[in-house]
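This is target.txt. It holds compact mmCIF, C-alpha atoms.
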# COMPACT_ATOMS: atom_id res chain seq x y z
CA MET A 1 112.42 -131.75 -176.31
CA ASN A 2 109.46 -134.04 -176.86
CA ARG A 3 106.61 -133.26 -179.22
CA ASN A 4 104.02 -132.74 -176.42
CA ARG A 5 106.24 -130.09 -174.82
CA LEU A 6 106.66 -128.35 -178.18
CA LEU A 7 102.91 -128.39 -178.81
CA SER A 8 102.35 -126.98 -175.32
CA ILE A 9 104.73 -124.15 -176.13
CA ALA A 10 103.03 -123.64 -179.46
CA MET A 11 99.62 -123.47 -177.77
CA SER A 12 100.89 -120.51 -175.76
CA VAL A 13 100.29 -118.21 -178.71
CA VAL A 14 99.31 -114.80 -177.41
CA LEU A 15 96.76 -112.68 -179.22
CA ILE A 16 97.91 -109.19 -178.49
CA ALA A 17 96.32 -106.52 -180.59
CA PHE A 18 93.34 -106.40 -182.83
CA THR A 19 90.64 -103.96 -183.72
CA ALA A 20 87.04 -104.62 -184.59
CA GLN A 21 84.35 -102.94 -186.61
CA ALA A 22 80.59 -103.07 -186.25
CA GLY A 23 78.90 -106.17 -187.61
CA THR A 24 75.38 -107.55 -187.72
CA GLY A 25 73.30 -106.83 -184.63
CA PHE A 26 75.68 -104.18 -183.26
CA THR A 27 74.28 -101.14 -181.48
CA ALA A 28 76.04 -98.36 -179.63
CA ASP A 29 74.73 -95.76 -177.21
CA ASN A 30 77.19 -92.85 -177.12
CA ASP A 31 75.13 -90.52 -174.91
CA ASP A 32 77.39 -91.12 -171.90
CA LYS A 33 81.13 -91.59 -171.47
CA GLN A 34 80.93 -95.38 -171.28
CA PRO A 35 79.63 -96.88 -174.52
CA SER A 36 76.87 -99.42 -174.07
CA LEU A 37 77.79 -101.88 -176.79
CA SER A 38 75.62 -104.85 -177.55
CA GLY A 39 76.03 -107.23 -180.44
CA THR A 40 78.86 -108.51 -182.58
CA MET A 41 81.92 -106.69 -183.87
CA ASN A 42 83.90 -108.27 -186.72
CA VAL A 43 87.67 -108.27 -186.35
CA LYS A 44 89.33 -105.83 -188.72
CA VAL A 45 92.04 -108.13 -190.06
CA SER A 46 94.09 -105.35 -191.68
CA ASN A 47 94.60 -103.61 -188.31
CA SER A 48 95.20 -106.76 -186.27
CA THR A 49 98.31 -108.52 -185.01
CA VAL A 50 99.04 -111.88 -183.45
CA GLU A 51 102.37 -112.15 -181.68
CA TRP A 52 103.83 -115.51 -180.72
CA LYS A 53 106.70 -116.69 -178.58
CA GLY A 54 108.18 -120.17 -178.26
CA ALA A 55 110.81 -120.94 -175.66
CA SER A 56 112.70 -123.77 -174.03
CA LEU A 57 115.36 -123.70 -171.35
CA VAL A 58 117.99 -123.11 -174.02
CA ILE A 59 116.51 -120.89 -176.75
CA SER A 60 113.54 -118.71 -177.59
CA HIS A 61 111.99 -117.34 -180.76
CA HIS A 62 109.25 -114.82 -181.41
CA GLY A 63 107.31 -113.41 -184.33
CA THR A 64 103.93 -112.58 -185.79
CA MET A 65 101.05 -114.19 -187.69
CA MET A 66 98.10 -112.78 -189.62
CA LEU A 67 94.45 -113.19 -188.73
CA LYS A 68 91.99 -114.71 -191.18
CA GLY A 69 88.93 -113.34 -189.41
CA GLY A 70 86.90 -113.37 -186.27
CA TYR A 71 84.44 -111.46 -184.12
CA LEU A 72 83.89 -110.19 -180.59
CA SER A 73 80.53 -110.21 -178.81
CA PHE A 74 79.40 -107.58 -176.33
CA ALA A 75 76.42 -107.10 -174.04
CA ASP A 76 75.83 -103.83 -172.21
CA GLY A 77 79.37 -102.65 -172.95
CA LYS A 78 81.08 -105.80 -171.64
CA LEU A 79 82.90 -108.45 -173.66
CA THR A 80 80.97 -111.73 -173.53
CA GLY A 81 82.57 -113.92 -176.19
CA GLY A 82 84.17 -114.16 -179.56
CA ARG A 83 86.26 -116.18 -181.94
CA ILE A 84 89.58 -115.39 -183.61
CA GLU A 85 90.97 -117.27 -186.64
CA VAL A 86 94.75 -117.31 -187.20
CA ASP A 87 96.39 -118.00 -190.58
CA MET A 88 98.98 -120.67 -189.72
CA LYS A 89 100.67 -120.27 -193.10
CA SER A 90 101.60 -116.67 -192.24
CA ILE A 91 104.16 -117.48 -189.53
CA ASP A 92 106.84 -114.77 -189.56
CA ASP A 93 109.91 -115.20 -187.36
CA LEU A 94 111.39 -111.96 -185.98
CA SER A 95 114.15 -113.49 -183.85
CA LEU A 96 116.51 -114.56 -186.65
CA GLU A 97 117.62 -113.04 -189.96
CA GLY A 98 117.75 -114.13 -193.59
CA ALA A 99 118.01 -117.82 -194.44
CA MET A 100 117.92 -118.87 -190.77
CA SER A 101 114.60 -117.09 -190.28
CA GLU A 102 113.16 -118.70 -193.43
CA LYS A 103 114.36 -122.11 -192.28
CA LEU A 104 112.68 -121.70 -188.88
CA GLU A 105 109.42 -120.51 -190.50
CA GLY A 106 109.40 -123.55 -192.80
CA HIS A 107 110.12 -125.84 -189.86
CA LEU A 108 107.30 -124.33 -187.79
CA MET A 109 104.84 -124.77 -190.69
CA SER A 110 105.99 -128.39 -191.27
CA ASP A 111 104.50 -131.53 -189.77
CA ASP A 112 107.13 -131.30 -187.00
CA PHE A 113 105.10 -128.44 -185.50
CA PHE A 114 101.89 -126.95 -186.89
CA SER A 115 101.23 -128.94 -190.10
CA ALA A 116 100.06 -125.71 -191.72
CA ASP A 117 99.17 -127.42 -195.01
CA LYS A 118 96.82 -129.84 -193.22
CA PHE A 119 95.65 -127.35 -190.56
CA PRO A 120 95.85 -123.87 -192.16
CA VAL A 121 93.71 -122.16 -189.50
CA ALA A 122 94.03 -122.12 -185.71
CA THR A 123 91.20 -120.71 -183.61
CA PHE A 124 90.70 -119.16 -180.23
CA THR A 125 87.10 -119.18 -178.97
CA ILE A 126 86.32 -117.04 -175.93
CA THR A 127 84.19 -118.99 -173.47
CA LYS A 128 84.38 -116.59 -170.54
CA ALA A 129 85.34 -112.94 -170.10
CA VAL A 130 85.50 -111.57 -166.56
CA HIS A 131 85.61 -107.78 -166.31
CA ASN A 132 87.65 -106.11 -163.56
CA SER A 133 86.19 -102.62 -163.13
CA LYS A 134 88.90 -101.71 -160.58
CA ALA A 135 91.79 -102.14 -163.04
CA GLY A 136 94.01 -99.07 -163.39
CA LYS A 137 94.13 -97.11 -166.63
CA GLY A 138 95.99 -99.07 -169.32
CA LYS A 139 96.14 -102.20 -167.13
CA PRO A 140 94.47 -105.53 -167.95
CA ASN A 141 90.78 -105.10 -167.22
CA TYR A 142 89.59 -108.57 -168.26
CA SER A 143 90.49 -112.17 -167.61
CA ILE A 144 89.79 -114.06 -170.82
CA THR A 145 89.24 -117.82 -170.87
CA GLY A 146 88.76 -119.82 -174.01
CA THR A 147 89.70 -122.76 -176.13
CA MET A 148 92.76 -122.58 -178.38
CA LYS A 149 92.61 -125.11 -181.22
CA ILE A 150 95.84 -125.74 -183.11
CA LYS A 151 96.50 -128.73 -185.36
CA GLY A 152 93.11 -130.20 -184.42
CA ILE A 153 94.02 -130.21 -180.71
CA SER A 154 92.06 -128.05 -178.26
CA GLN A 155 93.44 -126.65 -175.02
CA LYS A 156 91.91 -124.30 -172.46
CA GLN A 157 93.79 -120.99 -172.07
CA THR A 158 93.32 -118.07 -169.65
CA PHE A 159 95.12 -114.73 -169.96
CA PRO A 160 94.77 -111.10 -168.87
CA ALA A 161 93.66 -108.57 -171.50
CA HIS A 162 93.22 -104.84 -171.76
CA ILE A 163 90.06 -104.01 -173.69
CA HIS A 164 89.40 -100.40 -174.51
CA ILE A 165 86.35 -99.19 -176.43
CA LYS A 166 87.09 -96.07 -178.43
CA ASP A 167 84.47 -93.96 -180.19
CA GLY A 168 81.79 -96.61 -179.69
What do you get writing this file as structure tokens?
Amino acid sequence: MNRNRLLSIAMSVVLIAFTAQAGTGFTADNDDKQPSLSGTMNVKVSNSTVEWKGASLVISHHGTMMLKGGYLSFADGKLTGGRIEVDMKSIDDLSLEGAMSEKLEGHLMSDDFFSADKFPVATFTITKAVHNSKAGKGKPNYSITGTMKIKGISQKQTFPAHIHIKDG
């Protein structure tokens, strides 16, 4: 598999679950059932998860990574932007066991893939968030578009997301 194909697979990192806490400029109006959030919420790194999956026609691997930080921006209760920072030195493989898992993690952090020593942080910057008010309960209610930057290379990504505001 050539390096461009591998980087394309690597750029398909999926941010799946993270929580945020109020930051500077954040306000909440809890008088009605739908919070009217406006401002910035900082990502709560300790409660956040990044899951990744890499696959070819022959084999696939999956695992997790830690966040370094980030924020989400809201206006009138709707997501409008944000930025997530991923710690590339925290790659954890969940598809193999023992020494094989450690070997894969080292390989992924090497210059063959992510060059984690040279590029310790990857970022995803939200450039567009389209809300779908007709989405069913628990279903993706946003289409998120942004720029994923890994190893100094930026690529546009779009994915569905379920965003739920709880207790303001």
>> Show me, as number ranges by chain, the residues that have an atom within 7 Å of segment 154-163 of chain A when counting all atoms listed in the file, minus same-chain residues fewer than 5 positions from it.
In response: A: 138-149
> What gap, in Å, lies between atom CA of Ser90 of chain A and atom CA of Ser56 of chain A?
Replying inline: 22.5 Å
> Which is closer to Ser60 of chain A than all the others in A:Ser110, A:Ile165, A:Ala129, A:Leu104, using only C-alpha atoms?
Replying inline: A:Leu104
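Compared by their closest atoms to Lys128 of chain A, and using only C-alpha atoms, the residues A:Gly82, A:Ser48, A:Met65, A:Asp111 rank with A:Gly82 nearest.
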>> I'd like the interatomic distance between atom CA of Phe113 of chain A and atom CA of Met88 of chain A, to a tenth of an Å.
In response: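 Going from atom CA of Phe113 of chain A over to atom CA of Met88 of chain A, I get 10.8 Å.
Taking all atoms listed in the file into account, Arg83 of chain A lies nearest to A:Leu67 out of the set A:Leu67, A:Phe119, A:His131, A:His107.
The space between atom CA of Val43 of chain A and atom CA of Tyr71 of chain A spans 5.1 Å.
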> Near Gly63 of chain A, counting all atoms listed in the file, which residues have an atom at most 9 Å away, once you skip same-chain residues fewer than 4 positions from it, shown as number ranges by chain?
Replying inline: A: 50-53, 91-95
>> When you count only C-alpha atoms, which of these residues is closest to Ala116 of chain A: A:Ala75, A:Gly81, A:Asp87, A:Ala135?
In response: A:Asp87
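Every residue within 12 Å of the file position (87.3, -116.1, -190.8), judged by all atoms listed in the file, is given as Asn42, Val43, Lys44, Val45, Met66, Leu67, Lys68, Gly69, Gly70, Tyr71, Gly82, Arg83, Ile84, Glu85, Val86, Asp87, Pro120, Val121, Ala122, Thr123 and Phe124 of chain A.
Shortest separation to Leu96 of chain A among A:Ile153, A:His62, A:Ile126, A:Asn132 occurs at residue A:His62, atoms counted being all atoms listed in the file.
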